[in-house]
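Some notes on the structure that comes next.
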Amino acid sequence: MHLFTLLIYQPFLNILVFTYWLLSFVTNGHPDMGIAVIIFTIIVRILMLPLSLKGHRTEHERRQIMAELAQIEKDFASNPIGLEKERKKLLKTNNSVLVSELVSLVVQVTLALMLWKMFKTGLEGADLHLLYSFMPEIETPYNLVFLGTYDLSQPNLTLNFIQSILIFIMETLSTYYSRYRVTKAEVVRLQLVLPVVSFLIFMGLPAGKKMFVITSLVFSIILLIIRIVSRNFSDYKYKKEQSAEESSEEKIVVATK
């Protein structure tokens, strides 16, 4: 816990508070911690961008592992010992994908703990002793009411609902973007069950945590839209080139006749 505080919680707490302090210069001395959270989230997502891109690159490998595992279970249905041996062999030869998944999970859990602690007690005064000595003087208590409406230290159903809607949009776009066949079970689990479960899980958490998730989802949705547009443009360009080549070949054939 001490290492978590020293290496993760304290640095990010200082970044958030420093961002809040900078806002005082553009808000005539009335900074909003909600806006600071939005800027803070964008900074964190940019820092995590290589990890996010790595996660997209391993999707193909992950699906290959699942397909091979299903085939192994089918081939060794009557041989439990051989099934276990082949399963271990498959996982051992693809440990880089599993490590990537584990790292991603650890990062997400760490961020969740950090944000929960920040908005539950930290920014209200319990952890202000963790601010670095070189930090500028910042008037306390901090303004934790986003846009004068949403208390970031308390749960908020409106932000919770917005978060679930964005999860649905994100999963719908991800389904469209994926080049792999999506089963009905995956559609139900990701586009229907996940938003509902997320709504229930986050219902009692501070709104500041939800602001982070909402901003992070918007960031991810924008990146995904860029990928979709880029892929569609590449597909259109490729089809146009293929059509031009076919047309040219037809002209050559006609000319030779």
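By order of appearance in the structure tokens: chains A, B, ..., then residues from 1 within every chain, and ligands from 1 in the order shown.
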
Please provide as a list in words all residues within 9 Å of Pro155 of chain A, with the sequence filter that same-chain residues fewer than 3 positions apart are discarded (counting only C-alpha atoms).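 My list of contacting residues is Tyr150, Asp151, Leu152, Leu159, Asn160, Phe202, Met203, Gly204, Leu205, Pro206, Ala207, Gly208 and Lys210 of chain A.
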
Selection near Glu139 of chain A, 12 Å with only C-alpha atoms, sequence-local residues under 2 positions removed, as a PyMOL selection string: chain A and resi 17-18+20-21+24+29-31+125+128+136-137+141-143

Those same residues, written as an mmCIF file, in the first residue's frame with N, CA and C atoms?
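Generated output (selection_4.cif):
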```cif
data_model
loop_
_atom_site.group_PDB
_atom_site.id
_atom_site.type_symbol
_atom_site.label_atom_id
_atom_site.label_comp_id
_atom_site.auth_asym_id
_atom_site.auth_seq_id
_atom_site.Cartn_x
_atom_site.Cartn_y
_atom_site.Cartn_z
ATOM 1 N N VAL A 17 -4.201 18.058 -8.836
ATOM 2 C CA VAL A 17 -4.282 19.303 -8.070
ATOM 3 C C VAL A 17 -3.574 20.439 -8.817
ATOM 4 N N PHE A 18 -2.457 20.137 -9.469
ATOM 5 C CA PHE A 18 -1.744 21.163 -10.243
ATOM 6 C C PHE A 18 -2.595 21.625 -11.430
ATOM 7 N N TYR A 20 -5.832 21.626 -11.492
ATOM 8 C CA TYR A 20 -6.866 22.451 -10.850
ATOM 9 C C TYR A 20 -6.337 23.861 -10.589
ATOM 10 N N TRP A 21 -5.090 23.944 -10.133
ATOM 11 C CA TRP A 21 -4.475 25.253 -9.860
ATOM 12 C C TRP A 21 -4.313 26.066 -11.150
ATOM 13 N N SER A 24 -7.324 28.027 -12.323
ATOM 14 C CA SER A 24 -7.685 29.271 -11.625
ATOM 15 C C SER A 24 -7.282 30.506 -12.427
ATOM 16 N N GLY A 29 -10.048 32.791 -10.874
ATOM 17 C CA GLY A 29 -9.954 32.336 -9.498
ATOM 18 C C GLY A 29 -11.066 31.419 -9.047
ATOM 19 N N HIS A 30 -11.834 30.860 -10.009
ATOM 20 C CA HIS A 30 -12.926 29.942 -9.660
ATOM 21 C C HIS A 30 -12.769 28.615 -10.426
ATOM 22 N N PRO A 31 -11.721 27.868 -10.115
ATOM 23 C CA PRO A 31 -11.491 26.612 -10.827
ATOM 24 C C PRO A 31 -12.556 25.564 -10.494
ATOM 25 N N GLY A 125 -9.424 16.602 1.839
ATOM 26 C CA GLY A 125 -8.461 17.049 2.841
ATOM 27 C C GLY A 125 -7.615 15.963 3.470
ATOM 28 N N LEU A 128 -4.076 15.718 1.581
ATOM 29 C CA LEU A 128 -3.396 16.927 1.097
ATOM 30 C C LEU A 128 -1.957 17.011 1.603
ATOM 31 N N PRO A 136 2.451 24.863 -5.787
ATOM 32 C CA PRO A 136 2.013 26.221 -5.426
ATOM 33 C C PRO A 136 0.923 26.186 -4.362
ATOM 34 N N GLU A 137 0.765 27.315 -3.684
ATOM 35 C CA GLU A 137 -0.288 27.438 -2.671
ATOM 36 C C GLU A 137 -1.652 27.439 -3.365
ATOM 37 N N PRO A 141 -11.171 24.756 0.916
ATOM 38 C CA PRO A 141 -11.379 23.470 0.251
ATOM 39 C C PRO A 141 -11.528 23.630 -1.262
ATOM 40 N N TYR A 142 -11.224 22.579 -1.985
ATOM 41 C CA TYR A 142 -11.343 22.608 -3.431
ATOM 42 C C TYR A 142 -12.816 22.617 -3.841
ATOM 43 N N ASN A 143 -13.057 23.204 -5.005
ATOM 44 C CA ASN A 143 -14.415 23.213 -5.547
ATOM 45 C C ASN A 143 -14.688 21.859 -6.211
#
```

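Counting only C-alpha atoms and comparing A:Leu200, A:Met211, A:Asp127, A:Ile225, the residue that lies closest to Leu173 of chain A is A:Ile225.
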
Sel. of alpha helix (DSSP H) residues, segment 39-238 of chain A, as a ChimeraX atom specification: /A:39-47,49-57,59-75,80-93,95-117,157-177,184-187,194-202,207-238

Of the residues A:Val196, A:Leu51, A:Ile214, A:Leu190, which is the one nearest to Leu102 of chain A, using only C-alpha atoms?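 Of A:Val196, A:Leu51, A:Ile214, A:Leu190, the one nearest Leu102 of chain A, counting only C-alpha atoms, is A:Leu51.
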
Fewer than 6 positions away in the same chain doesn't count, so skip those; otherwise give me all residues within 10 Å of Met114 of chain A, counting only C-alpha atoms, as a PyMOL selection string. chain A and resi 4-5+8-10+12-13+108+122+209

Hey, can you check how far atom CA of Leu217 of chain A sits from atom CA of Ser234 of chain A?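 Result for atom CA of Leu217 of chain A versus atom CA of Ser234 of chain A: 25.4 Å, one decimal.
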